[in-house]
file data_36.txt (compact mmCIF, N, CA, C and O atoms)
# COMPACT_ATOMS: atom_id res chain seq x y z
N MET A 165 0.84 -1.17 0.00
CA MET A 165 0.00 0.00 0.00
C MET A 165 0.89 1.24 0.00
O MET A 165 1.76 1.39 0.84
N ARG A 166 0.68 2.10 -0.93
CA ARG A 166 1.49 3.31 -1.04
C ARG A 166 0.61 4.52 -0.81
O ARG A 166 -0.52 4.59 -1.27
N LEU A 167 1.14 5.48 -0.08
CA LEU A 167 0.41 6.72 0.18
C LEU A 167 0.96 7.82 -0.72
O LEU A 167 2.16 8.03 -0.78
N GLY A 168 0.06 8.50 -1.38
CA GLY A 168 0.48 9.62 -2.22
C GLY A 168 0.51 10.91 -1.41
O GLY A 168 0.22 10.95 -0.21
N THR A 169 0.85 11.99 -2.08
CA THR A 169 0.96 13.29 -1.43
C THR A 169 -0.38 13.75 -0.88
O THR A 169 -0.47 14.23 0.26
N MET A 170 -1.43 13.59 -1.64
CA MET A 170 -2.75 14.04 -1.21
C MET A 170 -3.23 13.26 0.02
O MET A 170 -3.80 13.83 0.95
N GLU A 171 -2.96 11.96 0.04
CA GLU A 171 -3.37 11.16 1.19
C GLU A 171 -2.64 11.61 2.45
O GLU A 171 -3.23 11.71 3.53
N LEU A 172 -1.35 11.87 2.33
CA LEU A 172 -0.58 12.34 3.48
C LEU A 172 -1.09 13.69 3.97
O LEU A 172 -1.19 13.91 5.19
N ILE A 173 -1.42 14.57 3.08
CA ILE A 173 -1.94 15.89 3.48
C ILE A 173 -3.26 15.73 4.21
O ILE A 173 -3.48 16.37 5.26
N VAL A 174 -4.14 14.88 3.70
CA VAL A 174 -5.43 14.66 4.36
C VAL A 174 -5.21 14.08 5.76
O VAL A 174 -5.84 14.52 6.73
N ILE A 175 -4.31 13.11 5.88
CA ILE A 175 -4.03 12.51 7.19
C ILE A 175 -3.49 13.57 8.16
O ILE A 175 -3.92 13.64 9.32
N LEU A 176 -2.57 14.40 7.71
CA LEU A 176 -2.01 15.45 8.57
C LEU A 176 -3.07 16.46 9.00
O LEU A 176 -3.08 16.89 10.16
N VAL A 177 -3.95 16.82 8.11
CA VAL A 177 -5.02 17.77 8.46
C VAL A 177 -5.96 17.15 9.50
O VAL A 177 -6.34 17.80 10.48
N VAL A 178 -6.32 15.89 9.31
CA VAL A 178 -7.20 15.22 10.26
C VAL A 178 -6.53 15.13 11.63
O VAL A 178 -7.15 15.40 12.67
N VAL A 179 -5.26 14.77 11.66
CA VAL A 179 -4.52 14.68 12.93
C VAL A 179 -4.46 16.05 13.60
O VAL A 179 -4.65 16.17 14.81
N LEU A 180 -4.22 17.09 12.81
CA LEU A 180 -4.16 18.45 13.35
C LEU A 180 -5.51 18.85 13.93
O LEU A 180 -5.58 19.45 15.01
N LEU A 181 -6.58 18.48 13.26
CA LEU A 181 -7.92 18.82 13.76
C LEU A 181 -8.26 18.04 15.04
O LEU A 181 -8.90 18.57 15.95
N ILE A 182 -7.85 16.81 15.11
CA ILE A 182 -8.17 15.98 16.28
C ILE A 182 -7.35 16.39 17.49
O ILE A 182 -7.88 16.57 18.59
N PHE A 183 -6.05 16.53 17.34
CA PHE A 183 -5.17 16.76 18.48
C PHE A 183 -4.88 18.24 18.73
O PHE A 183 -4.50 18.61 19.83
N GLY A 184 -5.00 19.06 17.75
CA GLY A 184 -4.73 20.48 17.92
C GLY A 184 -3.25 20.79 17.77
O GLY A 184 -2.40 19.92 17.88
N PRO A 185 -2.94 22.08 17.54
CA PRO A 185 -1.55 22.46 17.30
C PRO A 185 -0.66 22.35 18.54
O PRO A 185 0.55 22.21 18.43
N LYS A 186 -1.25 22.41 19.74
CA LYS A 186 -0.43 22.36 20.95
C LYS A 186 0.07 20.94 21.25
O LYS A 186 1.18 20.76 21.75
N GLN A 187 -0.74 19.95 20.95
CA GLN A 187 -0.35 18.57 21.26
C GLN A 187 0.37 17.89 20.10
O GLN A 187 0.89 16.79 20.25
N LEU A 188 0.41 18.52 18.96
CA LEU A 188 1.03 17.91 17.78
C LEU A 188 2.53 17.61 17.99
O LEU A 188 2.97 16.51 17.64
N PRO A 189 3.32 18.50 18.58
CA PRO A 189 4.74 18.16 18.81
C PRO A 189 4.92 16.96 19.75
O PRO A 189 5.79 16.11 19.53
N LYS A 190 4.08 16.88 20.78
CA LYS A 190 4.17 15.73 21.70
C LYS A 190 3.82 14.44 20.97
O LYS A 190 4.49 13.41 21.16
N LEU A 191 2.80 14.49 20.15
CA LEU A 191 2.39 13.32 19.38
C LEU A 191 3.49 12.90 18.42
O LEU A 191 3.81 11.71 18.30
N ALA A 192 4.11 13.87 17.75
CA ALA A 192 5.19 13.57 16.81
C ALA A 192 6.38 12.93 17.54
O ALA A 192 7.00 12.00 17.02
N LYS A 193 6.67 13.41 18.73
CA LYS A 193 7.78 12.85 19.51
C LYS A 193 7.49 11.40 19.90
O LYS A 193 8.35 10.54 19.82
N MET A 194 6.25 11.14 20.30
CA MET A 194 5.86 9.79 20.68
C MET A 194 5.96 8.83 19.48
O MET A 194 6.47 7.72 19.60
N VAL A 195 5.49 9.29 18.34
CA VAL A 195 5.56 8.46 17.13
C VAL A 195 7.02 8.22 16.74
O VAL A 195 7.41 7.10 16.40
N GLY A 196 7.84 9.25 16.83
CA GLY A 196 9.27 9.11 16.51
C GLY A 196 9.97 8.14 17.43
O GLY A 196 10.78 7.32 16.98
N ASN A 197 9.67 8.21 18.73
CA ASN A 197 10.27 7.27 19.68
C ASN A 197 9.82 5.84 19.38
O ASN A 197 10.61 4.90 19.48
N GLY A 198 8.56 5.69 19.02
CA GLY A 198 8.05 4.35 18.69
C GLY A 198 8.73 3.77 17.46
O GLY A 198 9.11 2.60 17.44
N VAL A 199 8.89 4.59 16.43
CA VAL A 199 9.56 4.12 15.21
C VAL A 199 11.02 3.79 15.50
O VAL A 199 11.55 2.78 15.03
N GLY A 200 11.68 4.63 16.30
CA GLY A 200 13.07 4.36 16.66
C GLY A 200 13.22 3.06 17.43
O GLY A 200 14.14 2.28 17.18
N SER A 201 12.31 2.81 18.36
CA SER A 201 12.34 1.57 19.12
C SER A 201 12.11 0.37 18.22
O SER A 201 12.78 -0.66 18.35
N LEU A 202 11.17 0.50 17.30
CA LEU A 202 10.89 -0.58 16.36
C LEU A 202 12.12 -0.89 15.50
O LEU A 202 12.49 -2.06 15.32
N LYS A 203 12.79 0.14 14.99
CA LYS A 203 13.99 -0.06 14.18
C LYS A 203 15.08 -0.76 14.99
O LYS A 203 15.78 -1.64 14.50
N LYS A 204 15.22 -0.35 16.24
CA LYS A 204 16.24 -0.93 17.11
C LYS A 204 16.02 -2.43 17.27
O LYS A 204 16.95 -3.22 17.16
N HIS A 205 14.77 -2.82 17.51
CA HIS A 205 14.48 -4.23 17.72
C HIS A 205 14.56 -5.02 16.42
O HIS A 205 14.97 -6.18 16.43
N VAL A 206 14.18 -4.43 15.32
CA VAL A 206 14.26 -5.12 14.04
C VAL A 206 15.72 -5.34 13.65
O VAL A 206 16.09 -6.40 13.15
N ASN A 207 16.57 -4.35 13.89
CA ASN A 207 17.99 -4.49 13.56
C ASN A 207 18.69 -5.47 14.48
O ASN A 207 19.73 -6.01 14.13
N ALA A 208 18.16 -5.72 15.66
CA ALA A 208 18.77 -6.66 16.59
C ALA A 208 18.46 -8.10 16.21
O ALA A 208 19.15 -9.01 16.63
N GLN A 209 17.45 -8.33 15.42
CA GLN A 209 17.03 -9.67 15.07
C GLN A 209 18.10 -10.49 14.36
O GLN A 209 18.27 -11.65 14.68
N PRO A 210 18.86 -9.94 13.41
CA PRO A 210 19.89 -10.77 12.76
C PRO A 210 20.92 -11.35 13.73
O PRO A 210 21.47 -12.40 13.47
N ASP A 211 21.14 -10.69 14.87
CA ASP A 211 22.06 -11.24 15.86
C ASP A 211 21.56 -12.59 16.36
O ASP A 211 22.34 -13.52 16.57
N TRP A 212 20.25 -12.71 16.55
CA TRP A 212 19.69 -13.98 17.00
C TRP A 212 19.89 -15.05 15.95
O TRP A 212 20.21 -16.19 16.26
N GLU A 213 19.72 -14.66 14.69
CA GLU A 213 19.90 -15.62 13.61
C GLU A 213 21.34 -16.08 13.52
O GLU A 213 21.61 -17.25 13.28
N GLU A 214 22.29 -15.17 13.74
CA GLU A 214 23.70 -15.55 13.71
C GLU A 214 24.02 -16.52 14.84
O GLU A 214 24.78 -17.46 14.66
N GLU A 215 23.42 -16.31 16.02
CA GLU A 215 23.65 -17.21 17.13
C GLU A 215 23.11 -18.60 16.80
O GLU A 215 23.73 -19.61 17.13
N LYS A 216 21.96 -18.68 16.14
CA LYS A 216 21.40 -19.98 15.76
C LYS A 216 22.32 -20.70 14.79
O LYS A 216 22.53 -21.91 14.89
N VAL A 217 22.89 -19.97 13.84
CA VAL A 217 23.81 -20.57 12.87
C VAL A 217 25.04 -21.10 13.58
O VAL A 217 25.50 -22.21 13.30
N GLU A 218 25.56 -20.34 14.54
CA GLU A 218 26.75 -20.79 15.28
C GLU A 218 26.42 -22.02 16.11
O GLU A 218 27.24 -22.93 16.23
N GLU A 219 25.21 -22.06 16.70
CA GLU A 219 24.81 -23.24 17.47
C GLU A 219 24.74 -24.47 16.57
O GLU A 219 25.17 -25.55 16.96
N LYS A 220 24.21 -24.30 15.36
CA LYS A 220 24.13 -25.42 14.43
C LYS A 220 25.53 -25.91 14.06
O LYS A 220 25.78 -27.11 13.97
N LYS A 221 26.45 -24.97 13.85
CA LYS A 221 27.83 -25.35 13.52
C LYS A 221 28.45 -26.15 14.66
O LYS A 221 29.12 -27.15 14.45
N THR A 222 28.21 -25.70 15.89
CA THR A 222 28.75 -26.39 17.06
C THR A 222 28.19 -27.80 17.16
O THR A 222 28.92 -28.76 17.43
N VAL A 223 26.90 -27.95 16.93
CA VAL A 223 26.27 -29.27 16.99
C VAL A 223 26.85 -30.17 15.90
O VAL A 223 27.15 -31.34 16.15
N GLU A 224 27.03 -29.63 14.70
CA GLU A 224 27.59 -30.42 13.61
C GLU A 224 29.01 -30.84 13.92
O GLU A 224 29.42 -31.98 13.63
N GLU A 225 29.81 -29.95 14.52
CA GLU A 225 31.18 -30.29 14.88
C GLU A 225 31.20 -31.40 15.92
O GLU A 225 32.02 -32.32 15.84
N LYS A 226 30.27 -31.35 16.87
CA LYS A 226 30.21 -32.40 17.90
C LYS A 226 29.83 -33.73 17.26
O LYS A 226 30.39 -34.78 17.61
N LYS A 227 28.90 -33.70 16.31
CA LYS A 227 28.51 -34.94 15.63
C LYS A 227 29.69 -35.52 14.88
O LYS A 227 29.92 -36.73 14.92
N GLU A 228 30.45 -34.68 14.18
CA GLU A 228 31.62 -35.15 13.44
C GLU A 228 32.65 -35.76 14.39
O GLU A 228 33.25 -36.79 14.09
N THR A 229 32.83 -35.14 15.54
CA THR A 229 33.79 -35.66 16.52
C THR A 229 33.36 -37.03 17.01
O THR A 229 34.17 -37.95 17.12
N VAL A 230 32.08 -37.20 17.28
CA VAL A 230 31.57 -38.49 17.75
C VAL A 230 31.75 -39.54 16.66
O VAL A 230 32.16 -40.67 16.94
N ILE A 231 31.48 -39.18 15.43
CA ILE A 231 31.63 -40.13 14.32
C ILE A 231 33.09 -40.53 14.16
O ILE A 231 33.41 -41.72 14.01
N ILE A 232 33.99 -39.57 14.24
CA ILE A 232 35.42 -39.87 14.10
C ILE A 232 35.88 -40.75 15.25
O ILE A 232 36.63 -41.72 15.04
N ASP A 233 35.44 -40.45 16.47
CA ASP A 233 35.82 -41.27 17.62
C ASP A 233 35.31 -42.70 17.45
O ASP A 233 36.01 -43.67 17.77
N ALA A 234 34.08 -42.85 16.97
CA ALA A 234 33.52 -44.19 16.77
C ALA A 234 34.32 -44.95 15.71
O ALA A 234 34.57 -46.16 15.87
N GLU A 235 34.71 -44.27 14.65
CA GLU A 235 35.49 -44.94 13.60
C GLU A 235 36.85 -45.36 14.13
O GLU A 235 37.35 -46.45 13.80
N GLU A 236 37.48 -44.52 14.95
CA GLU A 236 38.79 -44.86 15.51
C GLU A 236 38.68 -46.07 16.43
O GLU A 236 39.52 -46.97 16.41
N LYS A 237 37.64 -46.11 17.25
CA LYS A 237 37.46 -47.26 18.15
C LYS A 237 37.20 -48.53 17.35
O LYS A 237 37.68 -49.60 17.70
N LYS A 238 36.46 -48.40 16.26
CA LYS A 238 36.18 -49.55 15.41
C LYS A 238 37.47 -50.07 14.80
O LYS A 238 37.71 -51.30 14.77
N GLU A 239 38.33 -49.18 14.36
CA GLU A 239 39.62 -49.57 13.77
C GLU A 239 40.49 -50.24 14.82
O GLU A 239 41.19 -51.22 14.55
N GLU A 240 40.48 -49.71 16.04
CA GLU A 240 41.30 -50.30 17.11
C GLU A 240 40.84 -51.71 17.45
O GLU A 240 41.65 -52.59 17.68
N THR A 241 39.50 -51.89 17.48
CA THR A 241 39.00 -53.23 17.79
C THR A 241 39.29 -54.20 16.67
O THR A 241 39.50 -55.38 16.92
N GLN A 242 39.33 -53.73 15.43
CA GLN A 242 39.63 -54.61 14.30
C GLN A 242 41.09 -55.01 14.31
O GLN A 242 41.45 -56.10 13.90
N LYS A 243 42.00 -54.11 14.77
CA LYS A 243 43.43 -54.40 14.80
C LYS A 243 43.74 -55.43 15.90
O LYS A 243 44.65 -56.21 15.76
N ALA A 244 42.96 -55.38 16.96
CA ALA A 244 43.26 -56.26 18.08
C ALA A 244 42.77 -57.65 17.89
O ALA A 244 42.61 -58.40 17.15
call {"tool": "encode", "arguments": {"input": "data_36.txt", "output": "structure tokens"}}
result
Amino acid sequence: MRLGTMELIVILVVVLLIFGPKQLPKLAKMVGNGVGSLKKHVNAQPDWEEEKVEEKKTVEEKKETVIIDAEEKKEETQKA
């Protein structure tokens, strides 16, 4: 959904009529803080994804270690 210039002007006029010119700066500050908080949390999300990838790598490394250890023990038992 895209808003054109006319739609934005209508929205601003309606907001001005509802809240008045005195409360408009407070409202703008609240909206700005909300958008900033949202951006902060959205940008933090990739960190969680990176941690999941690292956890998967660690699990895969442990699996490989167990497989290698099992193969070594099998070779030792075959030699004996």
call {"tool": "atom_distance", "arguments": {"input": "data_36.txt", "atom1": "atom N of Val217 in chain A", "atom2": "atom C of Glu235 in chain A"}}
result
29.0 Å
call {"tool": "atom_distance", "arguments": {"input": "data_36.txt", "atom1": "CA of Leu172 in chain A", "atom2": "CA of Ala192 in chain A"}}
result
14.6 Å
call {"tool": "atom_distance", "arguments": {"input": "data_36.txt", "atom1": "CA of Leu202 in chain A", "atom2": "CA of Met170 in chain A"}}
result
26.6 Å
call {"tool": "build_atoms", "arguments": {"input": "data_36.txt", "residues": "range 233-244 of chain A", "atoms": "all heavy atoms", "output": "JSON list (two decimals), in the coordinates of the input"}}
result
[["chain", "number", "residue", "atom", "x", "y", "z"],
["A", 233, "ASP", "N", 35.44, -40.45, 16.47],
["A", 233, "ASP", "CA", 35.82, -41.27, 17.62],
["A", 233, "ASP", "C", 35.31, -42.70, 17.45],
["A", 233, "ASP", "O", 36.01, -43.67, 17.77],
["A", 233, "ASP", "CB", 35.26, -40.68, 18.92],
["A", 233, "ASP", "CG", 35.98, -39.40, 19.32],
["A", 233, "ASP", "OD1", 37.10, -39.15, 18.81],
["A", 233, "ASP", "OD2", 35.43, -38.64, 20.16],
["A", 234, "ALA", "N", 34.08, -42.85, 16.97],
["A", 234, "ALA", "CA", 33.52, -44.19, 16.77],
["A", 234, "ALA", "C", 34.32, -44.95, 15.71],
["A", 234, "ALA", "O", 34.57, -46.16, 15.87],
["A", 234, "ALA", "CB", 32.05, -44.08, 16.37],
["A", 235, "GLU", "N", 34.71, -44.27, 14.65],
["A", 235, "GLU", "CA", 35.49, -44.94, 13.60],
["A", 235, "GLU", "C", 36.85, -45.36, 14.13],
["A", 235, "GLU", "O", 37.35, -46.45, 13.80],
["A", 235, "GLU", "CB", 35.64, -44.01, 12.40],
["A", 235, "GLU", "CG", 34.36, -43.80, 11.62],
["A", 235, "GLU", "CD", 34.50, -42.77, 10.50],
["A", 235, "GLU", "OE1", 35.55, -42.10, 10.41],
["A", 235, "GLU", "OE2", 33.54, -42.62, 9.73],
["A", 236, "GLU", "N", 37.48, -44.52, 14.95],
["A", 236, "GLU", "CA", 38.79, -44.86, 15.51],
["A", 236, "GLU", "C", 38.68, -46.07, 16.43],
["A", 236, "GLU", "O", 39.52, -46.97, 16.41],
["A", 236, "GLU", "CB", 39.36, -43.66, 16.26],
["A", 236, "GLU", "CG", 39.82, -42.53, 15.36],
["A", 236, "GLU", "CD", 40.27, -41.30, 16.14],
["A", 236, "GLU", "OE1", 40.14, -41.28, 17.39],
["A", 236, "GLU", "OE2", 40.76, -40.36, 15.49],
["A", 237, "LYS", "N", 37.64, -46.11, 17.25],
["A", 237, "LYS", "CA", 37.46, -47.26, 18.15],
["A", 237, "LYS", "C", 37.20, -48.53, 17.35],
["A", 237, "LYS", "O", 37.68, -49.60, 17.70],
["A", 237, "LYS", "CB", 36.30, -47.00, 19.11],
["A", 237, "LYS", "CG", 36.62, -46.00, 20.17],
["A", 237, "LYS", "CD", 35.47, -45.79, 21.13],
["A", 237, "LYS", "CE", 35.82, -44.75, 22.17],
["A", 237, "LYS", "NZ", 34.72, -44.52, 23.11],
["A", 238, "LYS", "N", 36.46, -48.40, 16.26],
["A", 238, "LYS", "CA", 36.18, -49.55, 15.41],
["A", 238, "LYS", "C", 37.47, -50.07, 14.80],
["A", 238, "LYS", "O", 37.71, -51.30, 14.77],
["A", 238, "LYS", "CB", 35.20, -49.16, 14.32],
["A", 238, "LYS", "CG", 34.74, -50.29, 13.46],
["A", 238, "LYS", "CD", 33.71, -49.83, 12.44],
["A", 238, "LYS", "CE", 33.27, -50.95, 11.54],
["A", 238, "LYS", "NZ", 32.31, -50.51, 10.52],
["A", 239, "GLU", "N", 38.33, -49.18, 14.36],
["A", 239, "GLU", "CA", 39.62, -49.57, 13.77],
["A", 239, "GLU", "C", 40.49, -50.24, 14.82],
["A", 239, "GLU", "O", 41.19, -51.22, 14.55],
["A", 239, "GLU", "CB", 40.33, -48.37, 13.18],
["A", 239, "GLU", "CG", 39.69, -47.83, 11.91],
["A", 239, "GLU", "CD", 40.34, -46.56, 11.41],
["A", 239, "GLU", "OE1", 41.33, -46.10, 12.00],
["A", 239, "GLU", "OE2", 39.84, -46.01, 10.41],
["A", 240, "GLU", "N", 40.48, -49.71, 16.04],
["A", 240, "GLU", "CA", 41.30, -50.30, 17.11],
["A", 240, "GLU", "C", 40.84, -51.71, 17.45],
["A", 240, "GLU", "O", 41.65, -52.59, 17.68],
["A", 240, "GLU", "CB", 41.22, -49.42, 18.37],
["A", 240, "GLU", "CG", 41.98, -48.11, 18.24],
["A", 240, "GLU", "CD", 41.81, -47.21, 19.48],
["A", 240, "GLU", "OE1", 41.20, -47.67, 20.47],
["A", 240, "GLU", "OE2", 42.29, -46.07, 19.43],
["A", 241, "THR", "N", 39.50, -51.89, 17.48],
["A", 241, "THR", "CA", 39.00, -53.23, 17.79],
["A", 241, "THR", "C", 39.29, -54.20, 16.67],
["A", 241, "THR", "O", 39.50, -55.38, 16.92],
["A", 241, "THR", "CB", 37.48, -53.19, 18.08],
["A", 241, "THR", "OG1", 36.80, -52.62, 16.97],
["A", 241, "THR", "CG2", 37.18, -52.41, 19.34],
["A", 242, "GLN", "N", 39.33, -53.73, 15.43],
["A", 242, "GLN", "CA", 39.63, -54.61, 14.30],
["A", 242, "GLN", "C", 41.09, -55.01, 14.31],
["A", 242, "GLN", "O", 41.45, -56.10, 13.90],
["A", 242, "GLN", "CB", 39.25, -53.93, 12.98],
["A", 242, "GLN", "CG", 37.77, -53.84, 12.75],
["A", 242, "GLN", "CD", 37.43, -53.10, 11.46],
["A", 242, "GLN", "OE1", 38.30, -52.53, 10.81],
["A", 242, "GLN", "NE2", 36.15, -53.11, 11.11],
["A", 243, "LYS", "N", 42.00, -54.11, 14.77],
["A", 243, "LYS", "CA", 43.43, -54.40, 14.80],
["A", 243, "LYS", "C", 43.74, -55.43, 15.90],
["A", 243, "LYS", "O", 44.65, -56.21, 15.76],
["A", 243, "LYS", "CB", 44.24, -53.13, 15.07],
["A", 243, "LYS", "CG", 44.26, -52.19, 13.88],
["A", 243, "LYS", "CD", 45.07, -50.97, 14.20],
["A", 243, "LYS", "CE", 45.09, -50.00, 13.04],
["A", 243, "LYS", "NZ", 45.84, -48.76, 13.34],
["A", 244, "ALA", "N", 42.96, -55.38, 16.96],
["A", 244, "ALA", "CA", 43.26, -56.26, 18.08],
["A", 244, "ALA", "C", 42.77, -57.65, 17.89],
["A", 244, "ALA", "O", 42.61, -58.40, 17.15],
["A", 244, "ALA", "CB", 42.59, -55.73, 19.35]]
